[in-house]
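Source file entry-v3.txt; content: compact mmCIF, C-alpha atoms.
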```
# COMPACT_ATOMS: atom_id res chain seq x y z
CA MET C 1 111.68 -5.44 -197.67
CA LYS C 2 111.34 -5.40 -201.45
CA GLY C 3 114.61 -7.26 -201.67
CA CYS C 4 112.95 -10.26 -200.04
CA LYS C 5 111.17 -11.00 -203.29
CA SER C 6 114.43 -11.62 -205.13
CA ILE C 7 115.54 -14.20 -202.57
CA GLU C 8 114.02 -17.66 -202.67
CA LEU C 9 112.77 -17.88 -199.13
CA PRO C 10 110.92 -20.93 -197.85
CA THR C 11 107.15 -21.12 -197.99
CA ILE C 12 105.39 -20.37 -194.69
CA CYS C 13 102.71 -22.98 -193.95
CA ILE C 14 100.11 -22.33 -191.25
CA PRO C 15 97.86 -25.30 -190.37
CA LEU C 16 94.52 -24.35 -188.80
CA ILE C 17 91.94 -26.41 -186.95
CA GLY C 18 89.21 -24.10 -188.18
CA ALA C 19 88.69 -20.64 -189.67
CA LYS C 20 85.48 -19.18 -188.28
CA TYR C 21 84.84 -16.10 -186.16
CA HIS C 22 87.47 -16.24 -183.43
CA GLY C 23 90.04 -13.82 -182.10
CA GLY C 24 92.87 -16.27 -182.70
CA VAL C 25 91.88 -16.73 -186.34
CA ARG C 26 91.75 -12.95 -186.80
CA ILE C 27 95.34 -12.69 -185.54
CA ILE C 28 96.58 -15.53 -187.78
CA PHE C 29 94.99 -13.91 -190.84
CA LYS C 30 96.60 -10.55 -190.05
CA ILE C 31 99.98 -12.25 -189.68
CA ALA C 32 99.53 -14.14 -192.96
CA ASN C 33 98.51 -10.94 -194.77
CA HIS C 34 101.57 -9.08 -193.53
CA LEU C 35 103.94 -11.93 -194.39
CA THR C 36 102.74 -11.88 -198.00
CA SER C 37 103.07 -8.08 -198.11
CA ILE C 38 106.81 -8.38 -197.34
CA GLY C 39 107.37 -10.98 -200.03
CA LEU C 40 106.91 -14.33 -198.33
CA LYS C 41 104.74 -17.07 -199.79
CA VAL C 42 102.08 -18.24 -197.32
CA ILE C 43 99.86 -21.32 -197.33
CA LEU C 44 96.89 -21.70 -194.99
CA LEU C 45 95.74 -25.28 -194.34
CA CYS C 46 92.27 -26.00 -193.03
CA PRO C 47 89.54 -28.68 -193.08
CA ARG C 48 87.11 -27.78 -195.84
CA GLY C 49 84.13 -28.14 -193.49
CA ALA C 50 85.66 -25.72 -190.97
CA TRP C 51 86.55 -23.01 -193.50
CA SER C 52 84.08 -20.16 -193.04
CA PRO C 53 86.19 -17.03 -192.54
CA ILE C 54 84.75 -13.55 -192.10
CA TYR C 55 88.19 -11.88 -192.12
CA LYS C 56 89.86 -10.74 -195.32
CA ILE C 57 92.99 -12.45 -196.62
CA ASN C 58 95.33 -11.23 -199.32
CA SER C 59 94.95 -12.68 -202.79
CA GLY C 60 98.56 -13.87 -202.64
CA ILE C 61 97.80 -16.34 -199.86
CA GLU C 62 97.26 -19.91 -201.00
CA VAL C 63 94.44 -21.70 -199.20
CA VAL C 64 94.62 -25.50 -199.12
CA LEU C 65 91.35 -27.07 -197.97
CA LEU C 66 91.66 -30.70 -196.97
CA ASP C 67 88.61 -32.94 -197.44
CA ALA C 68 88.48 -34.51 -194.00
CA ARG C 69 85.55 -36.57 -192.71
CA ASN C 70 86.28 -35.56 -189.11
CA ILE C 71 89.02 -34.07 -186.94
CA PHE C 72 90.91 -37.37 -186.73
CA HIS C 73 90.93 -37.73 -190.51
CA TYR C 74 92.15 -34.14 -190.82
CA LEU C 75 95.01 -34.78 -188.40
CA LEU C 76 95.99 -37.84 -190.44
CA LEU C 77 96.00 -35.72 -193.62
CA LEU C 78 98.10 -33.10 -191.82
CA TRP C 79 100.55 -35.78 -190.67
CA SER C 80 101.05 -36.78 -194.30
CA TYR C 81 101.26 -33.16 -195.51
CA PHE C 82 103.92 -32.25 -192.95
CA SER C 83 106.22 -35.03 -194.16
CA THR C 84 106.00 -33.85 -197.79
CA ARG C 85 106.91 -30.21 -197.03
CA LYS C 86 110.36 -30.64 -195.50
CA HIS C 87 111.62 -27.40 -197.05
CA SER C 88 108.82 -25.24 -195.69
CA VAL C 89 108.61 -23.34 -192.42
CA PHE C 90 105.55 -24.17 -190.30
CA ILE C 91 103.85 -21.81 -187.87
CA LEU C 92 102.07 -24.05 -185.36
CA SER C 93 99.34 -22.37 -183.33
CA HIS C 94 97.34 -25.19 -181.70
CA TRP C 95 98.39 -28.10 -179.52
CA LEU C 96 96.84 -30.59 -181.95
CA THR C 97 98.90 -29.32 -184.88
CA GLY C 98 101.99 -29.21 -182.67
CA PHE C 99 101.49 -32.79 -181.51
CA ILE C 100 100.87 -34.14 -185.03
CA TYR C 101 103.84 -32.20 -186.42
CA SER C 102 106.12 -33.79 -183.81
CA LEU C 103 105.02 -37.27 -184.97
CA SER C 104 105.38 -36.73 -188.72
CA PRO C 105 108.30 -38.60 -190.35
CA GLY C 106 111.26 -36.50 -191.41
CA VAL C 107 110.15 -33.16 -189.95
CA LYS C 108 112.61 -31.13 -187.92
CA ARG C 109 112.04 -28.99 -184.87
CA LYS C 110 114.26 -26.28 -186.35
CA ASN C 111 111.83 -25.95 -189.30
CA SER C 112 108.94 -24.70 -187.18
CA ILE C 113 107.85 -21.88 -184.90
CA TYR C 114 105.19 -22.55 -182.27
CA PHE C 115 102.92 -19.57 -181.67
CA VAL C 116 101.52 -20.08 -178.17
CA GLN C 117 98.59 -17.69 -177.78
CA ASP C 118 97.55 -19.43 -174.54
CA SER C 119 99.27 -21.87 -172.20
CA GLU C 120 97.18 -24.66 -173.62
CA GLU C 121 97.72 -27.22 -170.88
CA VAL C 122 95.40 -25.24 -168.61
CA PHE C 123 92.49 -26.20 -170.87
CA PHE C 124 92.51 -29.66 -169.27
CA LYS C 125 92.07 -30.57 -165.61
CA LYS C 126 94.83 -32.45 -163.81
CA SER C 127 92.25 -34.18 -161.64
CA THR C 128 90.80 -36.35 -164.43
CA LEU C 129 92.44 -39.17 -166.38
CA ILE C 130 91.43 -37.65 -169.72
CA GLY C 131 92.70 -34.26 -168.56
CA ARG C 132 96.09 -35.70 -167.61
CA LEU C 133 96.30 -37.57 -170.94
CA LEU C 134 95.51 -34.44 -172.96
CA ARG C 135 98.02 -32.43 -170.95
CA PHE C 136 100.61 -35.06 -171.87
CA PHE C 137 99.86 -34.47 -175.57
CA VAL C 138 100.16 -30.70 -175.08
CA PHE C 139 103.49 -31.03 -173.26
CA TRP C 140 104.77 -33.48 -175.88
CA GLY C 141 103.96 -30.98 -178.62
CA TYR C 142 105.76 -28.18 -176.79
CA ARG C 143 108.85 -30.30 -176.21
CA HIS C 144 109.14 -32.09 -179.55
CA SER C 145 107.62 -29.92 -182.28
CA SER C 146 109.85 -26.85 -182.23
CA ASN C 147 112.92 -25.11 -180.87
CA ASN C 148 111.36 -21.71 -181.42
CA PHE C 149 108.36 -20.17 -179.70
CA ILE C 150 106.45 -16.92 -179.75
CA VAL C 151 104.34 -16.10 -176.68
CA THR C 152 102.13 -13.10 -175.94
CA THR C 153 102.30 -12.69 -172.15
CA ILE C 154 104.87 -12.71 -169.36
CA TYR C 155 102.95 -15.50 -167.63
CA GLY C 156 102.88 -17.57 -170.83
CA GLU C 157 106.64 -17.27 -171.22
CA ARG C 158 107.26 -18.29 -167.61
CA LYS C 159 104.97 -21.31 -167.88
CA LEU C 160 106.50 -22.41 -171.17
CA ARG C 161 110.06 -22.30 -169.83
CA VAL C 162 109.04 -24.58 -166.96
CA ILE C 163 107.41 -27.05 -169.38
CA VAL C 164 110.09 -27.30 -172.08
CA LYS C 165 112.95 -27.54 -169.56
CA ASN C 166 115.44 -26.79 -172.31
CA LEU C 167 117.67 -23.74 -172.13
CA SER C 168 118.51 -24.02 -175.85
CA VAL C 169 114.91 -23.27 -176.81
CA CYS C 170 114.37 -19.74 -178.13
CA ILE C 171 111.28 -17.99 -176.74
CA HIS C 172 110.22 -14.61 -178.12
CA ARG C 173 107.69 -12.57 -176.18
CA VAL C 174 105.62 -10.28 -178.39
CA ILE C 175 102.80 -8.53 -176.55
CA LEU C 176 99.52 -8.78 -178.42
CA GLY C 177 97.46 -5.70 -179.16
CA VAL C 178 94.16 -4.65 -180.70
CA ASP C 179 93.18 -3.08 -184.01
CA LYS C 180 92.91 0.60 -183.12
CA GLN C 181 91.00 1.29 -186.34
CA VAL C 182 88.25 -1.06 -185.16
CA PHE C 183 88.23 -0.88 -181.35
CA TYR C 184 88.12 2.67 -180.02
CA PRO C 185 85.85 4.82 -177.80
CA ASP C 186 82.93 6.13 -179.85
CA SER C 187 82.12 9.60 -178.53
CA SER C 188 78.93 9.68 -180.58
CA ALA C 189 77.53 6.65 -178.70
CA PRO C 190 77.21 7.36 -174.95
CA LYS C 191 77.44 4.46 -172.51
CA LYS C 192 74.20 2.69 -171.62
CA ASN C 193 73.19 0.93 -168.42
CA VAL C 194 74.68 -2.33 -169.63
CA VAL C 195 76.86 -4.97 -167.96
CA LEU C 196 78.67 -7.24 -170.40
CA PHE C 197 79.65 -10.92 -170.10
CA PHE C 198 81.48 -13.33 -172.42
CA PRO C 199 80.34 -16.83 -171.36
CA ARG C 200 82.49 -19.70 -172.60
CA ARG C 201 82.58 -23.44 -172.07
CA GLY C 202 85.53 -25.08 -170.31
CA TRP C 203 86.44 -25.54 -166.67
CA PHE C 204 89.06 -22.79 -166.87
CA LYS C 205 86.41 -20.27 -168.02
CA ASP C 206 84.37 -20.89 -164.83
CA PHE C 207 80.92 -20.49 -166.33
CA GLU C 208 79.37 -21.34 -162.94
CA LEU C 209 81.01 -18.34 -161.29
CA LEU C 210 79.80 -16.13 -164.14
CA LYS C 211 76.21 -17.34 -163.62
CA ASN C 212 76.41 -16.73 -159.87
CA VAL C 213 77.78 -13.21 -160.37
CA PHE C 214 74.97 -12.49 -162.83
CA ASN C 215 72.36 -13.69 -160.32
CA CYS C 216 73.76 -11.42 -157.62
CA LEU C 217 73.67 -8.43 -159.95
CA TYR C 218 70.32 -9.17 -161.54
CA PHE C 219 68.50 -9.34 -158.20
CA SER C 220 70.23 -6.26 -156.80
CA GLU C 221 67.69 -3.46 -156.42
CA SER C 222 70.34 -0.88 -157.21
CA LEU C 223 70.75 -2.32 -160.72
CA ASN C 224 67.11 -2.84 -161.64
CA CYS C 225 67.51 -0.33 -164.49
CA TYR C 226 70.45 -2.24 -165.99
CA GLU C 227 70.51 -4.71 -168.88
CA PHE C 228 72.86 -7.68 -169.02
CA TRP C 229 74.37 -8.60 -172.38
CA PHE C 230 75.96 -11.96 -173.20
CA VAL C 231 78.33 -12.40 -176.14
CA SER C 232 79.33 -15.90 -177.22
CA GLN C 233 79.62 -18.10 -180.29
CA GLU C 234 78.57 -21.00 -178.02
CA THR C 235 74.92 -20.04 -178.24
CA ASP C 236 73.67 -23.07 -176.29
CA LEU C 237 75.01 -21.36 -173.15
CA PHE C 238 72.34 -18.67 -173.53
CA SER C 239 69.67 -21.11 -172.32
CA SER C 240 70.87 -20.54 -168.75
CA PHE C 241 69.59 -16.95 -168.92
CA GLU C 242 66.53 -17.13 -171.19
CA THR C 243 64.00 -16.94 -168.33
CA PHE C 244 65.23 -13.47 -167.32
CA ASP C 245 64.11 -10.18 -168.79
CA ARG C 246 66.61 -7.33 -169.18
CA VAL C 247 68.91 -9.83 -170.90
CA LYS C 248 70.22 -9.78 -174.49
CA PHE C 249 72.28 -12.33 -176.41
CA PHE C 250 74.75 -11.73 -179.22
CA SER C 251 76.52 -14.15 -181.56
CA ILE C 252 79.01 -11.89 -183.30
CA LYS C 253 79.23 -11.69 -187.07
CA SER C 254 81.65 -8.77 -187.42
CA ASP C 255 84.20 -6.73 -185.49
CA ASP C 256 82.15 -3.58 -186.10
CA GLU C 257 79.21 -5.18 -184.30
CA LEU C 258 81.51 -6.13 -181.44
CA ARG C 259 82.83 -2.56 -181.16
CA THR C 260 79.26 -1.25 -180.87
CA ILE C 261 78.61 -3.69 -178.01
CA TYR C 262 81.79 -2.70 -176.15
CA ASN C 263 80.96 0.99 -176.53
CA SER C 264 77.45 0.44 -175.18
CA ALA C 265 78.55 -1.25 -171.95
CA LYS C 266 79.65 0.53 -168.81
CA LEU C 267 81.29 -2.58 -167.41
CA LEU C 268 82.71 -5.93 -168.56
CA ILE C 269 82.85 -8.72 -165.98
CA HIS C 270 85.21 -11.61 -166.71
CA THR C 271 85.47 -14.68 -164.48
CA SER C 272 88.04 -17.02 -166.07
CA LYS C 273 90.54 -19.02 -164.06
CA TYR C 274 93.07 -18.61 -166.85
CA GLU C 275 93.49 -16.50 -169.97
CA GLY C 276 96.30 -15.72 -172.36
CA VAL C 277 96.00 -12.14 -173.53
CA CYS C 278 92.18 -12.35 -173.53
CA LEU C 279 91.08 -10.23 -176.46
CA PRO C 280 87.60 -9.42 -175.04
CA ILE C 281 89.19 -7.71 -172.03
CA LEU C 282 91.78 -5.89 -174.13
CA GLU C 283 89.23 -4.83 -176.76
CA ALA C 284 86.78 -3.64 -174.11
CA LEU C 285 89.47 -1.47 -172.51
CA SER C 286 90.41 -0.08 -175.91
CA CYS C 287 86.76 0.96 -176.33
CA GLY C 288 86.82 2.69 -172.93
CA THR C 289 84.90 0.04 -171.00
CA TYR C 290 85.93 -0.61 -167.40
CA VAL C 291 86.71 -4.23 -166.45
CA ILE C 292 86.26 -6.27 -163.29
CA ALA C 293 88.09 -9.58 -163.71
CA THR C 294 89.22 -12.49 -161.64
CA ASN C 295 92.98 -13.06 -161.63
CA SER C 296 93.46 -15.10 -164.80
CA PHE C 297 97.21 -14.34 -165.06
CA GLY C 298 97.69 -13.41 -168.74
CA PRO C 299 95.74 -10.11 -168.67
CA LEU C 300 97.88 -8.87 -165.74
CA THR C 301 100.27 -7.79 -168.51
CA TYR C 302 98.07 -4.73 -169.14
CA LEU C 303 95.44 -4.51 -166.38
CA SER C 304 95.99 -1.67 -163.90
CA ARG C 305 94.20 0.27 -161.17
CA SER C 306 93.16 2.94 -163.64
CA ASN C 307 91.28 0.61 -166.00
CA SER C 308 90.10 -2.35 -163.91
CA ARG C 309 89.78 -4.19 -160.66
CA VAL C 310 91.38 -7.62 -160.40
CA VAL C 311 89.79 -10.00 -157.88
CA ASN C 312 91.89 -12.77 -156.33
CA ILE C 313 89.08 -14.39 -154.33
CA ARG C 314 86.58 -16.19 -156.56
CA SER C 315 83.53 -15.03 -154.64
CA PRO C 316 80.42 -14.05 -156.63
CA GLU C 317 79.28 -11.76 -153.81
CA GLU C 318 82.59 -9.90 -153.72
CA ILE C 319 82.67 -9.49 -157.50
CA ALA C 320 79.05 -8.32 -157.54
CA ASN C 321 79.69 -5.80 -154.74
CA LEU C 322 82.65 -4.35 -156.63
CA ALA C 323 80.54 -4.09 -159.77
CA ILE C 324 77.67 -2.36 -157.96
CA SER C 325 80.06 0.04 -156.25
CA TYR C 326 81.70 0.98 -159.56
CA LEU C 327 78.38 1.43 -161.39
CA GLN C 328 76.98 3.61 -158.60
CA PHE C 329 80.01 5.68 -157.63
CA GLY C 330 82.78 5.10 -160.18
CA GLU C 331 83.83 7.83 -162.58
CA ILE C 332 83.45 6.62 -166.16
CA ASN C 333 86.05 8.27 -168.39
CA CYS C 334 86.23 6.29 -171.61
CA LYS C 335 89.25 8.08 -173.06
CA ASP C 336 91.34 7.61 -169.89
CA ILE C 337 90.52 3.90 -169.83
CA SER C 338 91.31 3.50 -173.53
CA ASP C 339 94.60 5.38 -173.15
CA THR C 340 95.89 2.76 -170.69
CA VAL C 341 96.26 0.28 -173.58
CA LYS C 342 96.99 2.73 -176.41
CA ASN C 343 100.48 1.30 -176.92
CA LEU C 344 99.14 -2.23 -177.41
CA SER C 345 98.52 -2.18 -181.14
CA ILE C 346 97.82 -5.18 -183.36
CA ASP C 347 99.85 -3.49 -186.10
CA ASN C 348 102.94 -3.33 -183.89
CA PHE C 349 102.39 -6.94 -182.88
CA VAL C 350 102.05 -8.15 -186.48
CA VAL C 351 105.18 -6.28 -187.60
CA ASP C 352 107.27 -7.62 -184.69
CA PHE C 353 105.91 -11.14 -185.21
CA SER C 354 106.56 -11.01 -188.96
CA ASN C 355 110.11 -9.75 -188.46
CA ILE C 356 110.80 -12.79 -186.29
CA ILE C 357 109.38 -15.06 -189.01
CA LEU C 358 111.35 -13.27 -191.75
CA SER C 359 114.59 -13.55 -189.80
CA PHE C 360 113.86 -17.21 -189.12
CA ALA C 361 113.10 -17.87 -192.81
CA MET C 362 116.36 -16.23 -193.92
CA LYS C 363 118.40 -18.29 -191.46
CA PHE C 364 116.50 -21.40 -192.57
CA ASN C 365 117.36 -20.59 -196.19
CA LYS C 366 121.10 -20.18 -195.40
CA VAL C 367 121.20 -23.54 -193.60
CA ARG C 368 119.41 -25.20 -196.51
CA SER C 369 121.81 -23.70 -199.05
CA SER C 370 124.98 -24.64 -197.16
```

Encoded form (structure tokens):
Amino acid sequence: MKGCKSIELPTICIPLIGAKYHGGVRIIFKIANHLTSIGLKVILLCPRGAWSPIYKINSGIEVVLLDARNIFHYLLLLWSYFSTRKHSVFILSHWLTGFIYSLSPGVKRKNSIYFVQDSEEVFFKKSTLIGRLLRFFVFWGYRHSSNNFIVTTIYGERKLRVIVKNLSVCIHRVILGVDKQVFYPDSSAPKKNVVLFFPRRGWFKDFELLKNVFNCLYFSESLNCYEFWFVSQETDLFSSFETFDRVKFFSIKSDDELRTIYNSAKLLIHTSKYEGVCLPILEALSCGTYVIATNSFGPLTYLSRSNSRVVNIRSPEEIANLAISYLQFGEINCKDISDTVKNLSIDNFVVDFSNIILSFAMKFNKVRSS
């Protein structure tokens, strides 16, 4: 890889919508760090007001903070920036950046790679006019911003192929993993009587089902010695549970804090209608925490009978009954649960992802030079 430094490869530009505590941001930063370590120049773009990272980035990464008054102003600044960087390679990782890139004058689909962490169209309901309009923007970005995609799940790849309807599009599937140095079973911290939830806003997260499951569990006499922990950056959601005792709320400030929470819980319950990889589920398993989850498609890549139960019927009573049964009679073996995802490493993911980018950059350079 040292030879890469003697070749003038294109700059890799990664536009962000924000850089705060978020699993997706963590992944982008790890990718950017690795790309610089193999000799590529990387630029991160972000609104100045949304730049508040807690993850480390290499000193070789250039950070360009755009002074935007609001999201619309930022997108306008991005539109202009895209058109001035025609000899750079862009990694697009959000439908807004993909849509704006496709509209910028002079940009080419072959100059970009779209990193689809989730099938983003599911964020918006078909049944509403605004939902259909936003889905149109998402689809437009998929179809017109790039010829090259990286997805993280089998389901995501299948959905994307249906949407782009173009056999000439190149789709790489690279299965996402977790940082094994951060998320692991801690034998010095035995499991507590804790059930864990990750409430999130959005129709596809099904917050109502989560609340109903919690109510069933909270008022179950068999779990009256259990605490219920809620982890979310959307702290306004906590108000739905503030009248209950045996409840704790966490707004995470570090991955180490998150690992401690996973290791404390005997069970994670997840109620989404759709997820991509879903880092909370994957990280919980890596820490040896059993999972009961509704069928949200993406996590089926790594969920199995030995580490979880997947529920196809969205019934709070059924989910609660499964949870109670597991907590009363299930055998909790943290190492066995963790071992089911031991091959899903963030390091392997970053290396595979970066190799795709490096190969793409070298081909881009040859085309430019010819």

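Comparing the minimum interatomic distances between Phe364 (chain C) and each of C:Ser80, C:Ser112, C:Thr271, C:Asn33, counting only C-alpha atoms, we find that C:Ser112 sits nearest.
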
Distance criterion (all atoms listed in the file): nearest to Phe241 (chain C) out of C:Asn111, C:Asn212, C:Asn224, C:Thr11: C:Asn212

With distances taken over all atoms listed in the file, which residue among C:Phe82, C:Ser239, C:Ser325, C:Ala189 lies nearest Ser222 (chain C)? C:Ser325

Padding 5 Å on every side, please: axis-aligned box over the listed atoms of region 72-83 of chain C, centre and edge lengths to one decimal in Å, as lines of an AutoDock Vina configuration file.
```
center_x = 98.6
center_y = -35.0
center_z = -191.1
size_x = 25.3
size_y = 15.6
size_z = 18.8
```

Given the point (87.5, -0.2, -175.1) in the file's coordinates, find the residues that have an atom at most 7 Å from it, counting only C-alpha atoms, and give them as a VMD selection string. chain C and resid 183 to 185 262 to 263 283 to 289 338

Skipping near chain neighbours, those fewer than 4 positions away, what residues fall within 7 Å of Phe353 (chain C) using all atoms listed in the file, listed as a PyMOL selection string? chain C and resi 174+349+357

Export, as an mmCIF file, in the frame of the given file, the selected residues with C-alpha atoms.
```
data_model
loop_
_atom_site.group_PDB
_atom_site.id
_atom_site.type_symbol
_atom_site.label_atom_id
_atom_site.label_comp_id
_atom_site.auth_asym_id
_atom_site.auth_seq_id
_atom_site.Cartn_x
_atom_site.Cartn_y
_atom_site.Cartn_z
ATOM 1 C CA VAL C 174 105.620 -10.280 -178.390
ATOM 2 C CA PHE C 349 102.390 -6.940 -182.880
ATOM 3 C CA ILE C 357 109.380 -15.060 -189.010
#
```

For the atom pair CA of Gly330 (chain C) and CA of Val310 (chain C), what is the interatomic distance in Å to one decimal place? 15.4 Å

Show me the residues around (76.4, -11.1, -179.0) - criterion: an atom at most 9 Å away, only C-alpha atoms counted - as a count of residues only. 15

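What separates CA of Val213 (chain C) from CA of Lys342 (chain C) is a distance of 29.7 Å.
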
How far is it from CA of Asp206 (chain C) to CA of Ser220 (chain C), in Å with one decimal? 21.9 Å

Excluding region 137-146 of chain C and residues on its chain fewer than 3 positions from it, collect all residues at most 12 Å away from it, counting only C-alpha atoms, and give them as an MDAnalysis selection string. chainID C and resid 82 89:116 118:124 130:134 149:150 159:171

For Thr153 (chain C), list every protein, DNA or RNA residue within 8 Å, evaluated using all atoms listed in the file, and leave out those in the same chain fewer than 5 positions away; present the list as an MDAnalysis selection string. chainID C and resid 173:176 276:277 298:299 301

Store the residues picked out above, limited to C-alpha atoms, as an mmCIF file, in the frame of the given file.
```
data_model
loop_
_atom_site.group_PDB
_atom_site.id
_atom_site.type_symbol
_atom_site.label_atom_id
_atom_site.label_comp_id
_atom_site.auth_asym_id
_atom_site.auth_seq_id
_atom_site.Cartn_x
_atom_site.Cartn_y
_atom_site.Cartn_z
ATOM 1 C CA ARG C 173 107.690 -12.570 -176.180
ATOM 2 C CA VAL C 174 105.620 -10.280 -178.390
ATOM 3 C CA ILE C 175 102.800 -8.530 -176.550
ATOM 4 C CA LEU C 176 99.520 -8.780 -178.420
ATOM 5 C CA GLY C 276 96.300 -15.720 -172.360
ATOM 6 C CA VAL C 277 96.000 -12.140 -173.530
ATOM 7 C CA GLY C 298 97.690 -13.410 -168.740
ATOM 8 C CA PRO C 299 95.740 -10.110 -168.670
ATOM 9 C CA THR C 301 100.270 -7.790 -168.510
#
```

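Comparing C:Arg48, C:Lys205, C:Lys56, C:His87 by their smallest distance to Ile31 (chain C), the closest is C:Lys56 (using all atoms listed in the file).
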
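Closest approach to Pro15 (chain C) among C:Asp339, C:Ile324, C:Asn307, C:Val63: C:Val63, based on all atoms listed in the file.
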
For Ile332 (chain C), list every protein, DNA or RNA residue within 12 Å, evaluated using only C-alpha atoms, and leave out those in the same chain fewer than 3 positions away; present the list as a ChimeraX atom specification. /C:190-193,265-267,285,288-291,306-308,326-329,335-338

Could you write out the selected residues, including C-alpha atoms, as a PDB file, keeping the file's coordinate frame?
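Resulting contents of again-v4.pdb:
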```pdb
ATOM      1  CA  PRO C 190      77.210   7.360-174.950  1.00  0.00           C
ATOM      2  CA  LYS C 191      77.440   4.460-172.510  1.00  0.00           C
ATOM      3  CA  LYS C 192      74.200   2.690-171.620  1.00  0.00           C
ATOM      4  CA  ASN C 193      73.190   0.930-168.420  1.00  0.00           C
ATOM      5  CA  ALA C 265      78.550  -1.250-171.950  1.00  0.00           C
ATOM      6  CA  LYS C 266      79.650   0.530-168.810  1.00  0.00           C
ATOM      7  CA  LEU C 267      81.290  -2.580-167.410  1.00  0.00           C
ATOM      8  CA  LEU C 285      89.470  -1.470-172.510  1.00  0.00           C
ATOM      9  CA  GLY C 288      86.820   2.690-172.930  1.00  0.00           C
ATOM     10  CA  THR C 289      84.900   0.040-171.000  1.00  0.00           C
ATOM     11  CA  TYR C 290      85.930  -0.610-167.400  1.00  0.00           C
ATOM     12  CA  VAL C 291      86.710  -4.230-166.450  1.00  0.00           C
ATOM     13  CA  SER C 306      93.160   2.940-163.640  1.00  0.00           C
ATOM     14  CA  ASN C 307      91.280   0.610-166.000  1.00  0.00           C
ATOM     15  CA  SER C 308      90.100  -2.350-163.910  1.00  0.00           C
ATOM     16  CA  TYR C 326      81.700   0.980-159.560  1.00  0.00           C
ATOM     17  CA  LEU C 327      78.380   1.430-161.390  1.00  0.00           C
ATOM     18  CA  GLN C 328      76.980   3.610-158.600  1.00  0.00           C
ATOM     19  CA  PHE C 329      80.010   5.680-157.630  1.00  0.00           C
ATOM     20  CA  LYS C 335      89.250   8.080-173.060  1.00  0.00           C
ATOM     21  CA  ASP C 336      91.340   7.610-169.890  1.00  0.00           C
ATOM     22  CA  ILE C 337      90.520   3.900-169.830  1.00  0.00           C
ATOM     23  CA  SER C 338      91.310   3.500-173.530  1.00  0.00           C
TER      24      SER C 338
END
```

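Between Glu208 (chain C) and the residues C:Ser315, C:Ser59, C:Ser296, C:Thr152, the shortest atom-to-atom distance, using only C-alpha atoms, involves C:Ser315.
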